[in-house]
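Peer 1: Pasting data_15.cif here (mmCIF, N, CA and C atoms):
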```cif
data_query
#
loop_
_atom_site.label_atom_id
_atom_site.label_comp_id
_atom_site.auth_asym_id
_atom_site.auth_seq_id
_atom_site.Cartn_x
_atom_site.Cartn_y
_atom_site.Cartn_z
N MET E 19 66.41 91.97 152.94
CA MET E 19 66.52 91.59 151.54
C MET E 19 66.79 90.10 151.43
N PRO E 20 66.38 89.51 150.33
CA PRO E 20 66.63 88.08 150.14
C PRO E 20 68.12 87.78 149.94
N LEU E 21 68.50 86.56 150.27
CA LEU E 21 69.89 86.11 150.14
C LEU E 21 69.99 85.11 148.99
N TYR E 22 71.06 85.23 148.20
CA TYR E 22 71.24 84.36 147.04
C TYR E 22 72.67 83.85 146.98
N GLU E 23 72.82 82.66 146.40
CA GLU E 23 74.12 82.15 145.98
C GLU E 23 74.08 82.13 144.46
N HIS E 24 75.05 82.79 143.85
CA HIS E 24 75.09 82.92 142.39
C HIS E 24 76.43 82.35 141.91
N VAL E 25 76.38 81.37 141.03
CA VAL E 25 77.59 80.77 140.45
C VAL E 25 77.54 80.99 138.95
N TYR E 26 78.68 81.42 138.39
CA TYR E 26 78.72 81.52 136.93
C TYR E 26 79.99 80.87 136.40
N LEU E 27 79.90 80.37 135.17
CA LEU E 27 81.01 79.72 134.49
C LEU E 27 81.44 80.60 133.33
N ALA E 28 82.73 80.91 133.28
CA ALA E 28 83.26 81.75 132.23
C ALA E 28 84.13 80.91 131.29
N ARG E 29 84.31 81.39 130.08
CA ARG E 29 85.08 80.67 129.06
C ARG E 29 86.50 80.37 129.56
N PRO E 30 87.07 79.23 129.15
CA PRO E 30 88.40 78.86 129.63
C PRO E 30 89.54 79.67 129.01
N ASP E 31 89.32 80.32 127.88
CA ASP E 31 90.40 81.08 127.26
C ASP E 31 90.59 82.46 127.90
N LEU E 32 89.76 82.83 128.87
CA LEU E 32 89.95 84.07 129.62
C LEU E 32 91.04 83.86 130.66
N SER E 33 91.71 84.93 131.04
CA SER E 33 92.68 84.84 132.14
C SER E 33 91.94 84.98 133.47
N ALA E 34 92.59 84.59 134.54
CA ALA E 34 91.98 84.71 135.86
C ALA E 34 91.70 86.18 136.18
N GLN E 35 92.56 87.07 135.71
CA GLN E 35 92.36 88.50 135.95
C GLN E 35 91.10 89.00 135.23
N GLN E 36 90.85 88.53 134.02
CA GLN E 36 89.65 88.94 133.30
C GLN E 36 88.39 88.44 134.00
N VAL E 37 88.47 87.24 134.58
CA VAL E 37 87.33 86.71 135.32
C VAL E 37 87.08 87.55 136.57
N GLU E 38 88.16 87.97 137.25
CA GLU E 38 88.02 88.82 138.43
C GLU E 38 87.40 90.17 138.04
N GLU E 39 87.78 90.71 136.89
CA GLU E 39 87.19 91.97 136.42
C GLU E 39 85.70 91.81 136.13
N LEU E 40 85.34 90.67 135.55
CA LEU E 40 83.92 90.39 135.29
C LEU E 40 83.15 90.30 136.61
N THR E 41 83.76 89.67 137.61
CA THR E 41 83.14 89.57 138.93
C THR E 41 82.96 90.96 139.54
N ALA E 42 83.98 91.79 139.42
CA ALA E 42 83.89 93.16 139.95
C ALA E 42 82.79 93.95 139.23
N GLN E 43 82.65 93.74 137.94
CA GLN E 43 81.61 94.43 137.17
C GLN E 43 80.22 94.00 137.66
N LEU E 44 80.04 92.70 137.88
CA LEU E 44 78.75 92.21 138.37
C LEU E 44 78.47 92.73 139.77
N ALA E 45 79.50 92.78 140.62
CA ALA E 45 79.33 93.28 141.98
C ALA E 45 78.95 94.76 141.98
N SER E 46 79.52 95.52 141.04
CA SER E 46 79.18 96.95 140.99
C SER E 46 77.73 97.15 140.55
N VAL E 47 77.24 96.31 139.65
CA VAL E 47 75.83 96.40 139.23
C VAL E 47 74.92 96.09 140.42
N ILE E 48 75.28 95.09 141.19
CA ILE E 48 74.49 94.74 142.38
C ILE E 48 74.50 95.90 143.36
N GLY E 49 75.67 96.53 143.54
CA GLY E 49 75.77 97.68 144.44
C GLY E 49 74.92 98.85 143.98
N GLN E 50 74.88 99.10 142.69
CA GLN E 50 74.08 100.20 142.15
C GLN E 50 72.59 99.95 142.33
N MET E 51 72.19 98.68 142.35
CA MET E 51 70.77 98.34 142.48
C MET E 51 70.34 98.21 143.95
N GLY E 52 71.22 98.56 144.89
CA GLY E 52 70.85 98.57 146.29
C GLY E 52 71.18 97.29 147.04
N GLY E 53 72.00 96.43 146.49
CA GLY E 53 72.39 95.19 147.18
C GLY E 53 73.87 95.19 147.49
N LYS E 54 74.36 94.06 147.97
CA LYS E 54 75.80 93.94 148.23
C LYS E 54 76.22 92.49 148.06
N VAL E 55 77.48 92.31 147.65
CA VAL E 55 78.08 90.98 147.54
C VAL E 55 78.83 90.75 148.83
N THR E 56 78.38 89.78 149.63
CA THR E 56 79.02 89.53 150.92
C THR E 56 80.28 88.68 150.80
N LYS E 57 80.33 87.80 149.79
CA LYS E 57 81.51 86.97 149.60
C LYS E 57 81.64 86.62 148.13
N SER E 58 82.88 86.60 147.66
CA SER E 58 83.17 86.22 146.28
C SER E 58 84.30 85.20 146.31
N GLU E 59 84.08 84.03 145.73
CA GLU E 59 85.10 82.97 145.70
C GLU E 59 85.38 82.57 144.26
N TYR E 60 86.65 82.62 143.89
CA TYR E 60 87.06 82.15 142.58
C TYR E 60 87.50 80.70 142.76
N TRP E 61 86.79 79.77 142.13
CA TRP E 61 87.07 78.35 142.30
C TRP E 61 88.12 77.84 141.33
N GLY E 62 88.48 78.62 140.35
CA GLY E 62 89.53 78.23 139.43
C GLY E 62 89.00 77.65 138.13
N LEU E 63 89.93 77.18 137.32
CA LEU E 63 89.61 76.57 136.03
C LEU E 63 89.34 75.08 136.29
N LYS E 64 88.11 74.65 136.10
CA LYS E 64 87.70 73.28 136.42
C LYS E 64 87.22 72.56 135.16
N SER E 65 87.36 71.25 135.17
CA SER E 65 86.83 70.42 134.08
C SER E 65 85.32 70.31 134.24
N LEU E 66 84.62 70.30 133.12
CA LEU E 66 83.17 70.19 133.13
C LEU E 66 82.75 68.74 132.93
N ALA E 67 81.59 68.39 133.41
CA ALA E 67 81.08 67.03 133.25
C ALA E 67 80.72 66.75 131.79
N TYR E 68 80.31 67.78 131.07
CA TYR E 68 79.98 67.64 129.65
C TYR E 68 80.34 68.95 128.96
N ARG E 69 80.45 68.91 127.66
CA ARG E 69 80.85 70.08 126.89
C ARG E 69 79.73 71.13 126.88
N ILE E 70 80.13 72.37 127.06
CA ILE E 70 79.20 73.50 126.97
C ILE E 70 79.77 74.45 125.93
N ARG E 71 79.04 74.63 124.84
CA ARG E 71 79.49 75.48 123.73
C ARG E 71 80.91 75.12 123.29
N LYS E 72 81.16 73.83 123.14
CA LYS E 72 82.43 73.27 122.67
C LYS E 72 83.58 73.47 123.65
N ASN E 73 83.29 73.76 124.92
CA ASN E 73 84.33 73.93 125.94
C ASN E 73 84.27 72.77 126.92
N ARG E 74 85.44 72.25 127.27
CA ARG E 74 85.54 71.16 128.24
C ARG E 74 85.90 71.66 129.63
N LYS E 75 86.34 72.92 129.74
CA LYS E 75 86.71 73.51 131.03
C LYS E 75 86.06 74.88 131.14
N ALA E 76 86.01 75.40 132.37
CA ALA E 76 85.46 76.73 132.59
C ALA E 76 86.01 77.30 133.89
N HIS E 77 86.09 78.63 133.96
CA HIS E 77 86.42 79.33 135.19
C HIS E 77 85.13 79.42 136.00
N MET E 78 85.19 79.03 137.29
CA MET E 78 83.99 79.03 138.12
C MET E 78 84.13 80.05 139.24
N THR E 79 83.07 80.80 139.49
CA THR E 79 83.07 81.83 140.53
C THR E 79 81.75 81.80 141.28
N LEU E 80 81.83 81.92 142.61
CA LEU E 80 80.65 81.96 143.48
C LEU E 80 80.51 83.37 144.05
N LEU E 81 79.30 83.88 144.05
CA LEU E 81 78.99 85.16 144.68
C LEU E 81 77.88 84.93 145.70
N ASN E 82 78.10 85.32 146.95
CA ASN E 82 77.03 85.35 147.94
C ASN E 82 76.46 86.75 147.92
N VAL E 83 75.16 86.86 147.64
CA VAL E 83 74.56 88.15 147.36
C VAL E 83 73.40 88.42 148.33
N ASP E 84 73.36 89.65 148.82
CA ASP E 84 72.24 90.14 149.63
C ASP E 84 71.67 91.32 148.86
N ALA E 85 70.64 91.06 148.04
CA ALA E 85 70.13 92.09 147.13
C ALA E 85 68.67 91.83 146.79
N PRO E 86 67.98 92.85 146.30
CA PRO E 86 66.60 92.64 145.84
C PRO E 86 66.58 91.80 144.57
N ALA E 87 65.44 91.22 144.28
CA ALA E 87 65.30 90.34 143.11
C ALA E 87 65.60 91.08 141.80
N ALA E 88 65.29 92.37 141.75
CA ALA E 88 65.55 93.14 140.53
C ALA E 88 67.03 93.18 140.20
N ALA E 89 67.88 93.24 141.21
CA ALA E 89 69.33 93.25 140.98
C ALA E 89 69.79 91.94 140.36
N LEU E 90 69.26 90.82 140.86
CA LEU E 90 69.64 89.52 140.29
C LEU E 90 69.10 89.36 138.88
N ASN E 91 67.93 89.89 138.61
CA ASN E 91 67.39 89.84 137.24
C ASN E 91 68.30 90.60 136.28
N GLU E 92 68.80 91.74 136.72
CA GLU E 92 69.70 92.54 135.87
C GLU E 92 71.03 91.81 135.65
N ILE E 93 71.56 91.18 136.69
CA ILE E 93 72.81 90.42 136.57
C ILE E 93 72.63 89.29 135.56
N GLU E 94 71.54 88.55 135.68
CA GLU E 94 71.29 87.43 134.77
C GLU E 94 71.08 87.93 133.33
N ARG E 95 70.45 89.07 133.18
CA ARG E 95 70.26 89.64 131.84
C ARG E 95 71.62 89.98 131.21
N GLN E 96 72.51 90.58 132.01
CA GLN E 96 73.83 90.93 131.49
C GLN E 96 74.65 89.69 131.17
N GLU E 97 74.49 88.64 131.97
CA GLU E 97 75.24 87.40 131.70
C GLU E 97 74.74 86.71 130.44
N ARG E 98 73.45 86.81 130.16
CA ARG E 98 72.93 86.24 128.91
C ARG E 98 73.51 86.94 127.70
N LEU E 99 73.75 88.25 127.82
CA LEU E 99 74.29 89.03 126.71
C LEU E 99 75.81 88.88 126.57
N ASN E 100 76.48 88.55 127.65
CA ASN E 100 77.94 88.46 127.66
C ASN E 100 78.40 87.12 127.06
N GLU E 101 79.23 87.18 126.03
CA GLU E 101 79.71 85.96 125.37
C GLU E 101 80.70 85.18 126.23
N ASP E 102 81.32 85.83 127.20
CA ASP E 102 82.31 85.16 128.05
C ASP E 102 81.67 84.25 129.09
N VAL E 103 80.39 84.44 129.39
CA VAL E 103 79.70 83.62 130.40
C VAL E 103 79.03 82.45 129.70
N LEU E 104 79.43 81.23 130.10
CA LEU E 104 78.86 80.01 129.51
C LEU E 104 77.54 79.65 130.17
N ARG E 105 77.51 79.64 131.49
CA ARG E 105 76.31 79.28 132.25
C ARG E 105 76.29 80.07 133.55
N TYR E 106 75.11 80.17 134.16
CA TYR E 106 74.99 80.77 135.48
C TYR E 106 73.84 80.09 136.20
N LEU E 107 73.88 80.16 137.52
CA LEU E 107 72.83 79.59 138.34
C LEU E 107 72.68 80.43 139.59
N THR E 108 71.47 80.82 139.88
CA THR E 108 71.18 81.60 141.08
C THR E 108 70.20 80.80 141.94
N VAL E 109 70.53 80.67 143.22
CA VAL E 109 69.69 79.93 144.16
C VAL E 109 69.41 80.82 145.36
N ARG E 110 68.15 80.92 145.72
CA ARG E 110 67.79 81.68 146.93
C ARG E 110 68.01 80.79 148.13
N VAL E 111 68.66 81.31 149.17
CA VAL E 111 68.97 80.54 150.37
C VAL E 111 68.42 81.26 151.59
N GLU E 112 68.27 80.51 152.67
CA GLU E 112 67.80 81.09 153.93
C GLU E 112 68.91 81.86 154.64
N ALA E 113 70.13 81.30 154.60
CA ALA E 113 71.28 81.95 155.25
C ALA E 113 72.53 81.68 154.42
N LEU E 114 73.44 82.64 154.43
CA LEU E 114 74.69 82.49 153.69
C LEU E 114 75.75 81.85 154.58
N GLU E 115 76.62 81.05 153.98
CA GLU E 115 77.72 80.43 154.72
C GLU E 115 78.75 81.47 155.08
N ASP E 116 79.28 81.37 156.31
CA ASP E 116 80.30 82.33 156.74
C ASP E 116 81.69 81.92 156.24
N GLY E 117 82.03 80.67 156.38
CA GLY E 117 83.36 80.19 156.02
C GLY E 117 83.48 79.88 154.54
N PRO E 118 84.50 79.12 154.19
CA PRO E 118 84.69 78.75 152.79
C PRO E 118 83.57 77.81 152.31
N SER E 119 83.28 77.86 151.03
CA SER E 119 82.24 77.01 150.47
C SER E 119 82.71 75.56 150.40
N ALA E 120 81.82 74.68 150.03
CA ALA E 120 82.14 73.25 149.94
C ALA E 120 83.23 72.99 148.91
N MET E 121 83.25 73.75 147.84
CA MET E 121 84.28 73.57 146.81
C MET E 121 85.67 73.89 147.35
N MET E 122 85.77 74.86 148.21
CA MET E 122 87.06 75.26 148.76
C MET E 122 87.48 74.33 149.90
N ARG E 123 86.53 73.84 150.68
CA ARG E 123 86.85 72.93 151.79
C ARG E 123 87.27 71.57 151.28
N LYS E 124 86.73 71.13 150.18
CA LYS E 124 86.95 69.78 149.68
C LYS E 124 88.42 69.49 149.48
N SER E 125 89.16 70.36 148.84
CA SER E 125 90.56 70.10 148.53
C SER E 125 91.40 70.04 149.80
N ASP E 126 91.12 70.89 150.78
CA ASP E 126 91.89 70.86 152.03
C ASP E 126 91.66 69.56 152.77
N ARG E 127 90.42 69.09 152.85
CA ARG E 127 90.10 67.87 153.58
C ARG E 127 90.74 66.65 152.92
N ASP E 128 90.71 66.58 151.60
CA ASP E 128 91.27 65.44 150.90
C ASP E 128 92.76 65.33 151.15
N ARG E 129 93.46 66.44 151.16
CA ARG E 129 94.90 66.40 151.42
C ARG E 129 95.19 65.88 152.82
N ASP E 130 94.39 66.32 153.80
CA ASP E 130 94.61 65.89 155.18
C ASP E 130 94.33 64.40 155.33
N GLU E 131 93.28 63.90 154.70
CA GLU E 131 92.92 62.49 154.83
C GLU E 131 93.95 61.59 154.17
N ARG E 132 94.50 62.00 153.04
CA ARG E 132 95.44 61.16 152.32
C ARG E 132 96.78 61.08 153.02
N GLY E 133 97.22 62.17 153.64
CA GLY E 133 98.52 62.20 154.27
C GLY E 133 99.62 62.40 153.23
N SER E 134 100.85 62.38 153.70
CA SER E 134 101.98 62.60 152.79
C SER E 134 102.32 61.32 152.05
N ARG E 135 103.15 61.44 151.04
CA ARG E 135 103.56 60.26 150.26
C ARG E 135 104.33 59.27 151.12
N ARG E 136 105.19 59.79 151.98
CA ARG E 136 106.00 58.93 152.83
C ARG E 136 105.11 58.10 153.76
N GLU E 137 104.07 58.73 154.33
CA GLU E 137 103.15 58.00 155.22
C GLU E 137 102.40 56.92 154.45
N ARG E 138 101.99 57.22 153.22
CA ARG E 138 101.26 56.23 152.43
C ARG E 138 102.16 55.06 152.06
N ARG E 139 103.39 55.33 151.69
CA ARG E 139 104.31 54.25 151.32
C ARG E 139 104.55 53.31 152.50
N SER E 140 104.74 53.90 153.69
CA SER E 140 105.00 53.05 154.85
C SER E 140 103.77 52.20 155.18
N ARG E 141 102.58 52.75 154.98
CA ARG E 141 101.37 51.97 155.22
C ARG E 141 101.21 50.86 154.19
N GLU E 142 101.55 51.15 152.93
CA GLU E 142 101.42 50.15 151.88
C GLU E 142 102.43 49.02 152.06
N ASP E 143 103.63 49.35 152.54
CA ASP E 143 104.66 48.34 152.74
C ASP E 143 104.39 47.49 153.97
N GLY E 144 103.49 47.93 154.81
CA GLY E 144 103.15 47.18 156.01
C GLY E 144 104.06 47.51 157.17
N GLY E 145 105.05 48.31 156.94
CA GLY E 145 105.97 48.72 158.00
C GLY E 145 105.51 50.00 158.64
N GLU E 146 106.14 50.32 159.74
CA GLU E 146 105.81 51.56 160.41
C GLU E 146 106.91 52.57 160.11
N GLU E 147 106.68 53.79 160.53
CA GLU E 147 107.68 54.82 160.36
C GLU E 147 108.95 54.40 161.09
N SER E 148 110.09 54.85 160.61
CA SER E 148 111.35 54.50 161.27
C SER E 148 111.35 55.06 162.68
N GLU E 149 111.95 54.31 163.61
CA GLU E 149 111.95 54.71 165.01
C GLU E 149 112.93 55.85 165.20
N PRO E 150 112.69 56.68 166.18
CA PRO E 150 113.63 57.76 166.47
C PRO E 150 114.99 57.19 166.87
N ALA E 151 116.03 57.98 166.69
CA ALA E 151 117.40 57.53 166.93
C ALA E 151 117.60 57.12 168.38
N GLU E 152 116.97 57.77 169.34
CA GLU E 152 117.14 57.45 170.77
C GLU E 152 116.66 56.03 171.07
N GLU E 153 115.53 55.64 170.55
CA GLU E 153 114.99 54.33 170.83
C GLU E 153 115.78 53.24 170.10
N ALA E 154 116.34 53.53 168.95
CA ALA E 154 117.08 52.54 168.18
C ALA E 154 118.37 52.15 168.88
N GLU E 155 118.99 53.05 169.69
CA GLU E 155 120.25 52.74 170.37
C GLU E 155 120.05 51.77 171.50
N GLU E 156 118.91 51.74 172.12
CA GLU E 156 118.68 50.89 173.29
C GLU E 156 118.57 49.45 172.98
#
```
I need this file expressed as structure tokens, please.

Peer 2:
Amino acid sequence: MPLYEHVYLARPDLSAQQVEELTAQLASVIGQMGGKVTKSEYWGLKSLAYRIRKNRKAHMTLLNVDAPAAALNEIERQERLNEDVLRYLTVRVEALEDGPSAMMRKSDRDRDERGSRRERRSREDGGEESEPAEEAEE
């Protein structure tokens, strides 16, 4: 069966639990049509680059799907009818990612690169970290 990455944006006034229920509903439709959702990632409430239906933020969710095209057509039809879904995008891919998506990796990498506040302050001041007590006595 073909592999797809499906991302949808839900209204910001929904709770995270309601978005998870919507995801479960879409996954059950895919299951009924003979496919399966291999991975589901909730990316959280994110700011949008431009307003969509007077909303500046949206809940974003990624679904990695292994299903026939008819299942994706049905999902997209239901999302068009659902008022809670602002936008959706489905892309056919050759292979699905095993680990976390780029959206989930991005935040972890940025924290590691920046370091802690104490490390940044010492770098900005031009000084180094304080020496351990053993070396200071000598």

Peer 1: Using only N, CA and C atoms, which residues sit within 6 Å of stretch 45-56 of chain E once same-chain residues fewer than 6 positions away are excluded, as a PyMOL selection string?

Peer 2: chain E and resi 82-86+89

Peer 1: Just want the 8 Å neighbourhood of stretch 97-111 of chain E, counted on all atoms listed in the file, with same-chain residues fewer than 2 positions away dropped. Output as a list in words.

Peer 2: Pro20, Leu21, Tyr22, Glu23, His24, Val25, Tyr26, Leu27, Ala28, Arg29, Pro30, Leu32, Ile70, Arg71, Ala76, Asn91, Glu92, Ile93, Glu94, Arg95, Ala113 and Leu114 of chain E

Peer 1: Could you please take those selected residues and save N, CA and C atoms as a compact mmCIF listing (two decimals), keeping the file's coordinate frame?

Peer 2:
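This went into part-v3.txt:
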```txt
# COMPACT_ATOMS: atom_id res chain seq x y z
N PRO E 20 66.38 89.51 150.33
CA PRO E 20 66.63 88.08 150.14
C PRO E 20 68.12 87.78 149.94
N LEU E 21 68.50 86.56 150.27
CA LEU E 21 69.89 86.11 150.14
C LEU E 21 69.99 85.11 148.99
N TYR E 22 71.06 85.23 148.20
CA TYR E 22 71.24 84.36 147.04
C TYR E 22 72.67 83.85 146.98
N GLU E 23 72.82 82.66 146.40
CA GLU E 23 74.12 82.15 145.98
C GLU E 23 74.08 82.13 144.46
N HIS E 24 75.05 82.79 143.85
CA HIS E 24 75.09 82.92 142.39
C HIS E 24 76.43 82.35 141.91
N VAL E 25 76.38 81.37 141.03
CA VAL E 25 77.59 80.77 140.45
C VAL E 25 77.54 80.99 138.95
N TYR E 26 78.68 81.42 138.39
CA TYR E 26 78.72 81.52 136.93
C TYR E 26 79.99 80.87 136.40
N LEU E 27 79.90 80.37 135.17
CA LEU E 27 81.01 79.72 134.49
C LEU E 27 81.44 80.60 133.33
N ALA E 28 82.73 80.91 133.28
CA ALA E 28 83.26 81.75 132.23
C ALA E 28 84.13 80.91 131.29
N ARG E 29 84.31 81.39 130.08
CA ARG E 29 85.08 80.67 129.06
C ARG E 29 86.50 80.37 129.56
N PRO E 30 87.07 79.23 129.15
CA PRO E 30 88.40 78.86 129.63
C PRO E 30 89.54 79.67 129.01
N LEU E 32 89.76 82.83 128.87
CA LEU E 32 89.95 84.07 129.62
C LEU E 32 91.04 83.86 130.66
N ILE E 70 80.13 72.37 127.06
CA ILE E 70 79.20 73.50 126.97
C ILE E 70 79.77 74.45 125.93
N ARG E 71 79.04 74.63 124.84
CA ARG E 71 79.49 75.48 123.73
C ARG E 71 80.91 75.12 123.29
N ALA E 76 86.01 75.40 132.37
CA ALA E 76 85.46 76.73 132.59
C ALA E 76 86.01 77.30 133.89
N ASN E 91 67.93 89.89 138.61
CA ASN E 91 67.39 89.84 137.24
C ASN E 91 68.30 90.60 136.28
N GLU E 92 68.80 91.74 136.72
CA GLU E 92 69.70 92.54 135.87
C GLU E 92 71.03 91.81 135.65
N ILE E 93 71.56 91.18 136.69
CA ILE E 93 72.81 90.42 136.57
C ILE E 93 72.63 89.29 135.56
N GLU E 94 71.54 88.55 135.68
CA GLU E 94 71.29 87.43 134.77
C GLU E 94 71.08 87.93 133.33
N ARG E 95 70.45 89.07 133.18
CA ARG E 95 70.26 89.64 131.84
C ARG E 95 71.62 89.98 131.21
N ALA E 113 70.13 81.30 154.60
CA ALA E 113 71.28 81.95 155.25
C ALA E 113 72.53 81.68 154.42
N LEU E 114 73.44 82.64 154.43
CA LEU E 114 74.69 82.49 153.69
C LEU E 114 75.75 81.85 154.58
```

Peer 1: Just to confirm, what's the straight-line distance from atom N of E:Val37 to atom C of E:Leu81 in Å (one decimal)?

Peer 2: 15.5 Å

Peer 1: Take atom CA of E:Gln96 and atom CA of E:Pro118 and report the distance between them in Å, one decimal.

Peer 2: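 Computed distance, atom CA of E:Gln96 to atom CA of E:Pro118, equals 26.8 Å.
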
Peer 1: Using the chain letters and numbers from the file, give me the residues hit by the PyMOL selection byres (((chain E and resi 65 and name CA) around 6) and name CA), as a VMD selection string.

Peer 2: chain E and resid 64 66 75

Peer 1: Please, what distance in Å, to one decimal, runs between atom CA of E:Ala87 and atom CA of E:Glu115?

Peer 2: 19.7 Å

Peer 1: Give the answer as one residue: which of E:Arg69, E:Ala42, E:Tyr60, E:Gln36 has the shortest atom-to-atom distance to E:Met122, using only C-alpha atoms?

Peer 2: E:Tyr60

Peer 1: As a ChimeraX atom specification, please: every residue in stretch 19-133 of chain E that a backbone DSSP assignment puts in strand (DSSP E).

Peer 2: /E:21-28,54-70,73-84,103-111

Peer 1: Nearest residue to E:Leu80 out of E:Lys57, E:Ala34, E:Tyr68, E:Leu40, using only C-alpha atoms?

Peer 2: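 Looking only at the distances to E:Leu80, the closest residue turns out to be E:Lys57.
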
Peer 1: For each of E:Ser58, E:Thr41, E:Met19, E:Leu90, take the minimum atom-to-atom distance to E:Asp116, counting only C-alpha atoms, then give the residue where this is smallest.

Peer 2: E:Ser58
